[in-house]
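Visitor: Following this line is query-v8.csv, made up of CSV, C-alpha atoms:
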chain,number,residue,atom,x,y,z
A,215,MET,CA,-48.1,-32.9,-4.4
A,216,ALA,CA,-46.8,-29.8,-2.7
A,217,SER,CA,-43.1,-29.6,-1.8
A,218,ARG,CA,-42.2,-29.1,1.8
A,219,PHE,CA,-40.3,-26.0,0.6
A,220,SER,CA,-43.2,-24.4,-1.3
A,221,GLY,CA,-43.9,-21.9,1.5
A,222,TRP,CA,-40.3,-20.7,1.4
A,223,GLY,CA,-40.4,-19.1,-2.1
A,224,VAL,CA,-41.0,-15.5,-1.1
A,225,GLY,CA,-39.1,-15.7,2.2
A,226,LEU,CA,-36.1,-17.4,0.5
A,227,ARG,CA,-36.1,-14.8,-2.3
A,228,LEU,CA,-36.2,-12.0,0.3
A,229,VAL,CA,-33.2,-13.6,2.2
A,230,LEU,CA,-31.2,-14.0,-1.0
A,231,LEU,CA,-32.0,-10.4,-2.0
A,232,LEU,CA,-30.9,-9.1,1.4
A,233,ILE,CA,-27.7,-11.1,1.3
A,234,GLY,CA,-26.9,-9.8,-2.2
A,235,ALA,CA,-27.5,-6.2,-1.2
A,236,ALA,CA,-25.3,-6.6,1.9
A,237,LEU,CA,-22.5,-8.1,-0.3
A,238,VAL,CA,-22.7,-5.2,-2.8
A,239,ALA,CA,-22.9,-2.6,0.0
A,240,GLY,CA,-20.0,-4.2,2.0
A,241,ARG,CA,-17.7,-4.6,-1.0
A,242,ALA,CA,-15.2,-1.8,-1.1
A,243,GLU,CA,-14.1,-0.5,-4.4
A,244,ALA,CA,-10.4,-0.2,-5.0
A,245,LEU,CA,-8.3,2.6,-6.6
A,246,GLU,CA,-5.3,2.0,-8.8
A,247,TRP,CA,-2.3,4.2,-8.5
A,248,ARG,CA,1.0,4.8,-10.4
A,249,TRP,CA,4.0,5.6,-8.3
A,250,SER,CA,7.7,6.1,-8.8
A,251,TYR,CA,10.8,7.5,-7.1
A,252,GLU,CA,14.4,8.1,-8.0
A,253,GLY,CA,17.4,9.1,-6.1
A,254,ALA,CA,21.2,8.4,-5.7
A,255,GLY,CA,21.6,4.7,-6.6
A,256,VAL,CA,17.8,3.9,-6.6
A,257,SER,CA,15.0,4.0,-9.1
A,258,ALA,CA,11.7,2.3,-8.5
A,259,SER,CA,8.2,2.4,-10.0
A,260,GLY,CA,5.0,0.5,-10.3
A,261,SER,CA,1.4,0.5,-9.3
A,262,PHE,CA,-0.5,-0.1,-6.1
A,263,THR,CA,-4.1,-0.7,-5.2
A,264,THR,CA,-5.6,1.2,-2.3
A,265,LYS,CA,-8.9,1.2,-0.6
A,266,ASP,CA,-11.3,3.6,-2.2
A,267,ALA,CA,-12.0,5.9,0.7
A,268,PRO,CA,-9.3,8.1,2.4
A,269,ASP,CA,-9.0,8.4,6.2
A,270,ALA,CA,-9.6,11.8,8.0
A,271,ASN,CA,-6.2,13.0,6.9
A,272,GLY,CA,-6.7,12.2,3.3
A,273,PHE,CA,-4.6,9.0,3.2
A,274,TYR,CA,-5.6,5.9,1.4
A,275,GLU,CA,-4.4,2.4,2.6
A,276,ILE,CA,-2.2,0.6,0.2
A,277,THR,CA,-3.3,-3.1,-0.1
A,278,VAL,CA,-1.4,-4.4,-3.1
A,279,ILE,CA,1.9,-3.4,-4.7
A,280,THR,CA,3.6,-4.3,-8.0
A,281,GLY,CA,6.6,-3.0,-9.9
A,282,GLU,CA,10.3,-3.1,-9.7
A,283,ALA,CA,13.3,-1.3,-8.1
A,284,ASN,CA,16.6,-1.1,-9.9
A,285,GLY,CA,15.3,-3.7,-12.4
A,286,VAL,CA,14.4,-6.2,-9.6
A,287,ALA,CA,10.7,-7.4,-9.3
A,288,ILE,CA,8.7,-6.4,-6.2
A,289,THR,CA,7.3,-9.5,-4.6
A,290,GLY,CA,5.2,-8.2,-1.8
A,291,LEU,CA,3.9,-5.5,0.5
A,292,GLN,CA,5.2,-5.2,4.0
A,293,PRO,CA,2.3,-5.6,6.5
A,294,PRO,CA,1.3,-2.3,8.2
A,295,GLY,CA,2.7,-2.0,11.8
A,296,THR,CA,5.8,-4.1,10.9
A,297,SER,CA,9.3,-3.0,9.9
A,298,ILE,CA,11.1,-4.2,6.8
A,299,PRO,CA,14.1,-6.4,7.7
A,300,GLY,CA,17.1,-4.3,8.6
A,301,ASN,CA,15.0,-1.3,9.7
A,302,ASP,CA,13.7,-2.5,13.1
A,303,GLY,CA,11.8,0.0,15.1
A,304,TYR,CA,10.4,1.9,12.0
A,305,PRO,CA,7.1,0.2,11.2
A,306,VAL,CA,5.4,1.1,7.9
A,307,ASP,CA,1.8,2.2,7.7
A,308,ASN,CA,1.3,1.8,3.9
A,309,LEU,CA,-0.6,5.1,3.5
A,310,VAL,CA,-0.5,7.4,0.5
A,311,ARG,CA,-2.5,10.5,-0.5
A,312,THR,CA,-3.0,12.8,-3.5
A,313,GLU,CA,-1.6,15.9,-1.8
A,314,ALA,CA,1.9,16.7,-0.6
A,315,PRO,CA,3.4,15.2,1.4
A,316,ARG,CA,2.1,12.0,-0.2
A,317,LEU,CA,3.6,9.7,2.3
A,318,THR,CA,3.8,9.7,6.1
A,319,MET,CA,6.9,9.4,8.2
A,320,HIS,CA,6.3,5.6,8.2
A,321,GLY,CA,5.7,5.2,4.5
A,322,PHE,CA,5.2,1.9,2.7
A,323,GLY,CA,7.5,-1.1,2.6
A,324,TYR,CA,8.1,-3.9,0.1
A,325,ALA,CA,10.2,-7.0,-0.6
A,326,LEU,CA,12.2,-7.6,-3.8
A,327,SER,CA,12.9,-10.9,-5.5
A,328,ASN,CA,16.6,-10.6,-4.7
A,329,GLY,CA,16.1,-10.6,-0.9
A,330,THR,CA,16.3,-6.8,-0.4
A,331,TYR,CA,13.7,-4.5,0.9
A,332,ALA,CA,12.7,-0.8,0.6
A,333,ASN,CA,10.7,1.6,2.7
A,334,PRO,CA,10.0,5.0,1.0
A,335,PHE,CA,8.7,7.6,3.4
A,336,TYR,CA,8.4,11.4,4.1
A,337,GLY,CA,11.1,12.6,6.5
A,338,ALA,CA,9.6,15.8,7.9
A,339,HIS,CA,12.0,15.5,10.9
A,340,PHE,CA,15.2,15.3,8.8
A,341,ALA,CA,17.5,18.4,8.4
A,342,LYS,CA,16.1,18.6,4.8
A,343,PRO,CA,12.4,17.6,5.0
A,344,ASP,CA,11.9,15.4,1.9
A,345,TYR,CA,11.1,11.9,0.6
A,346,TYR,CA,13.6,9.2,1.4
A,347,ALA,CA,13.9,5.5,0.7
A,348,PHE,CA,15.4,3.2,3.3
A,349,VAL,CA,16.9,0.3,1.4
A,350,SER,CA,18.0,-2.8,3.2
A,351,ASP,CA,20.1,-5.8,2.1
A,352,PRO,CA,19.9,-7.9,5.3
A,353,ALA,CA,22.0,-10.8,3.9
A,354,ASN,CA,24.9,-8.5,3.3
A,355,ARG,CA,24.2,-6.2,6.3
A,356,ARG,CA,24.0,-3.1,4.0
A,357,THR,CA,21.6,-0.2,4.2
A,358,SER,CA,21.2,3.1,2.5
A,359,GLU,CA,18.8,6.0,2.8
A,360,PRO,CA,18.9,8.4,-0.1
A,361,SER,CA,16.7,11.3,-0.7
A,362,VAL,CA,14.3,10.6,-3.5
A,363,ALA,CA,11.9,12.4,-5.8
A,364,PHE,CA,8.6,10.6,-5.1
A,365,THR,CA,5.4,10.7,-7.1
A,366,ALA,CA,2.0,8.9,-6.8
A,367,THR,CA,-1.2,9.6,-8.7
A,368,ILE,CA,-4.5,7.8,-9.1
A,369,ALA,CA,-4.6,6.1,-12.5
A,370,PRO,CA,-7.2,7.5,-14.8
Since I need it in another form, could you write the structure as structure tokens?
Guide:
Amino acid sequence: MASRFSGWGVGLRLVLLLIGAALVAGRAEALEWRWSYEGAGVSASGSFTTKDAPDANGFYEITVITGEANGVAITGLQPPGTSIPGNDGYPVDNLVRTEAPRLTMHGFGYALSNGTYANPFYGAHFAKPDYYAFVSDPANRRTSEPSVAFTATIAP
């Protein structure tokens, strides 16, 4: 007795093969990075994951972040196009590249487990063009913006 699906064998296999190929082709690989910065009253380090392909300016989009700042665990990445609390009007873009300057003027933002936030960026428009880290403690209405030595490299 023939199954009502017996004529589907080749067609079904072809469909499954095409779906599998599309999934493999559409799946973007990710890059792992090591990053750190240090300045007056602030020290942070960790890793982030970026998309595997840079944009036209050589920047990779950060999609995941881990690490700590001043011994406090990082709990999440600030979404691109939004500002960390306490730094309204300065949205992050979460971009990094292998060449200097490694960050844009928008930088990346993250939250910490103690309710504070940070936004390292490259301040080309400052009197001293350099990397800076805007640190916000919204609950206590405190902010700081020290100059920092920033590094980021793709992990081997």
Visitor: Select all residues near (3.5, -10.9, -1.3) (cut-off 12 Å, inclusive, file coordinates), counting all atoms listed in the file, and output them as a VMD selection string.
Guide: chain A and resid 277 to 280 287 to 293 323 to 327
Visitor: Need to verify the contact set: Gly260 of chain A, 6 Å, only C-alpha atoms, exclusion of same-chain residues closer than 5 positions in sequence. Can you return it as a list in words?
Guide: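 Once the adjacent positions are removed, what remains is Arg248, Trp249, Thr280 and Gly281 of chain A.
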Visitor: How many Å separate atom CA of Phe348 of chain A from atom CA of Pro360 of chain A?
Guide: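 That distance, rounded to one decimal, is 7.1 Å.
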Visitor: Could you check which residues have any atom within 10 Å of (14.5, -1.2, 9.1), counting all atoms listed in the file with coordinates taken straight from the file, and then list them as a tab-separated table (two decimals) with C-alpha atoms, in the coordinates of the input?
Guide:
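Result went into out.tsv, see below:
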chain	number	residue	atom	x	y	z
A	296	THR	CA	5.80	-4.10	10.90
A	297	SER	CA	9.30	-3.00	9.90
A	298	ILE	CA	11.10	-4.20	6.80
A	299	PRO	CA	14.10	-6.40	7.70
A	300	GLY	CA	17.10	-4.30	8.60
A	301	ASN	CA	15.00	-1.30	9.70
A	302	ASP	CA	13.70	-2.50	13.10
A	303	GLY	CA	11.80	0.00	15.10
A	304	TYR	CA	10.40	1.90	12.00
A	305	PRO	CA	7.10	0.20	11.20
A	306	VAL	CA	5.40	1.10	7.90
A	323	GLY	CA	7.50	-1.10	2.60
A	331	TYR	CA	13.70	-4.50	0.90
A	332	ALA	CA	12.70	-0.80	0.60
A	333	ASN	CA	10.70	1.60	2.70
A	348	PHE	CA	15.40	3.20	3.30
A	349	VAL	CA	16.90	0.30	1.40
A	350	SER	CA	18.00	-2.80	3.20
A	352	PRO	CA	19.90	-7.90	5.30
A	357	THR	CA	21.60	-0.20	4.20
Visitor: Calculate how many Å separate atom CA of Leu317 of chain A from atom CA of Gly329 of chain A, rounding to one decimal.
Guide: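 Atom CA of Gly329 of chain A lies 24.1 Å from atom CA of Leu317 of chain A.
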Visitor: Using atom CA of Pro370 of chain A and atom CA of Glu282 of chain A as the two end points, give the distance in Å to one decimal.
Guide: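 Separation of atom CA of Pro370 of chain A and atom CA of Glu282 of chain A: 21.1 Å.
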Visitor: List as JSON, numbers by chain the protein and nucleic acid residues near Gly253 of chain A, meaning an atom at most 12 Å away when all atoms listed in the file are counted, but skip any in the same chain fewer than 5 places from it.
Guide: {"A": [258, 283, 284, 334, 344, 345, 346, 347, 348, 349, 358, 359, 360, 361, 362, 363, 364]}
Visitor: Any chance you could export the current selection's C-alpha atoms as an mmCIF file, keeping the file's coordinate frame?
Guide:
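Ended up saving to part_7.cif:
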data_model
loop_
_atom_site.group_PDB
_atom_site.id
_atom_site.type_symbol
_atom_site.label_atom_id
_atom_site.label_comp_id
_atom_site.auth_asym_id
_atom_site.auth_seq_id
_atom_site.Cartn_x
_atom_site.Cartn_y
_atom_site.Cartn_z
ATOM 1 C CA ALA A 258 11.700 2.300 -8.500
ATOM 2 C CA ALA A 283 13.300 -1.300 -8.100
ATOM 3 C CA ASN A 284 16.600 -1.100 -9.900
ATOM 4 C CA PRO A 334 10.000 5.000 1.000
ATOM 5 C CA ASP A 344 11.900 15.400 1.900
ATOM 6 C CA TYR A 345 11.100 11.900 0.600
ATOM 7 C CA TYR A 346 13.600 9.200 1.400
ATOM 8 C CA ALA A 347 13.900 5.500 0.700
ATOM 9 C CA PHE A 348 15.400 3.200 3.300
ATOM 10 C CA VAL A 349 16.900 0.300 1.400
ATOM 11 C CA SER A 358 21.200 3.100 2.500
ATOM 12 C CA GLU A 359 18.800 6.000 2.800
ATOM 13 C CA PRO A 360 18.900 8.400 -0.100
ATOM 14 C CA SER A 361 16.700 11.300 -0.700
ATOM 15 C CA VAL A 362 14.300 10.600 -3.500
ATOM 16 C CA ALA A 363 11.900 12.400 -5.800
ATOM 17 C CA PHE A 364 8.600 10.600 -5.100
#
Visitor: Would you mind telling me which residue in A:Thr318, A:Thr365, A:Asn354, A:Asn271 lies nearest to Gly337 of chain A when using all atoms listed in the file?
Guide: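 With all atoms listed in the file as the atom set, the closest residue is A:Thr318.
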Visitor: Determine the nearest neighbour of Gly272 of chain A from the options A:Ala369, A:Val310, A:Glu243, A:Arg355, counting all atoms listed in the file.
Guide: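 Ranked by minimum distance to Gly272 of chain A, first place goes to A:Val310.
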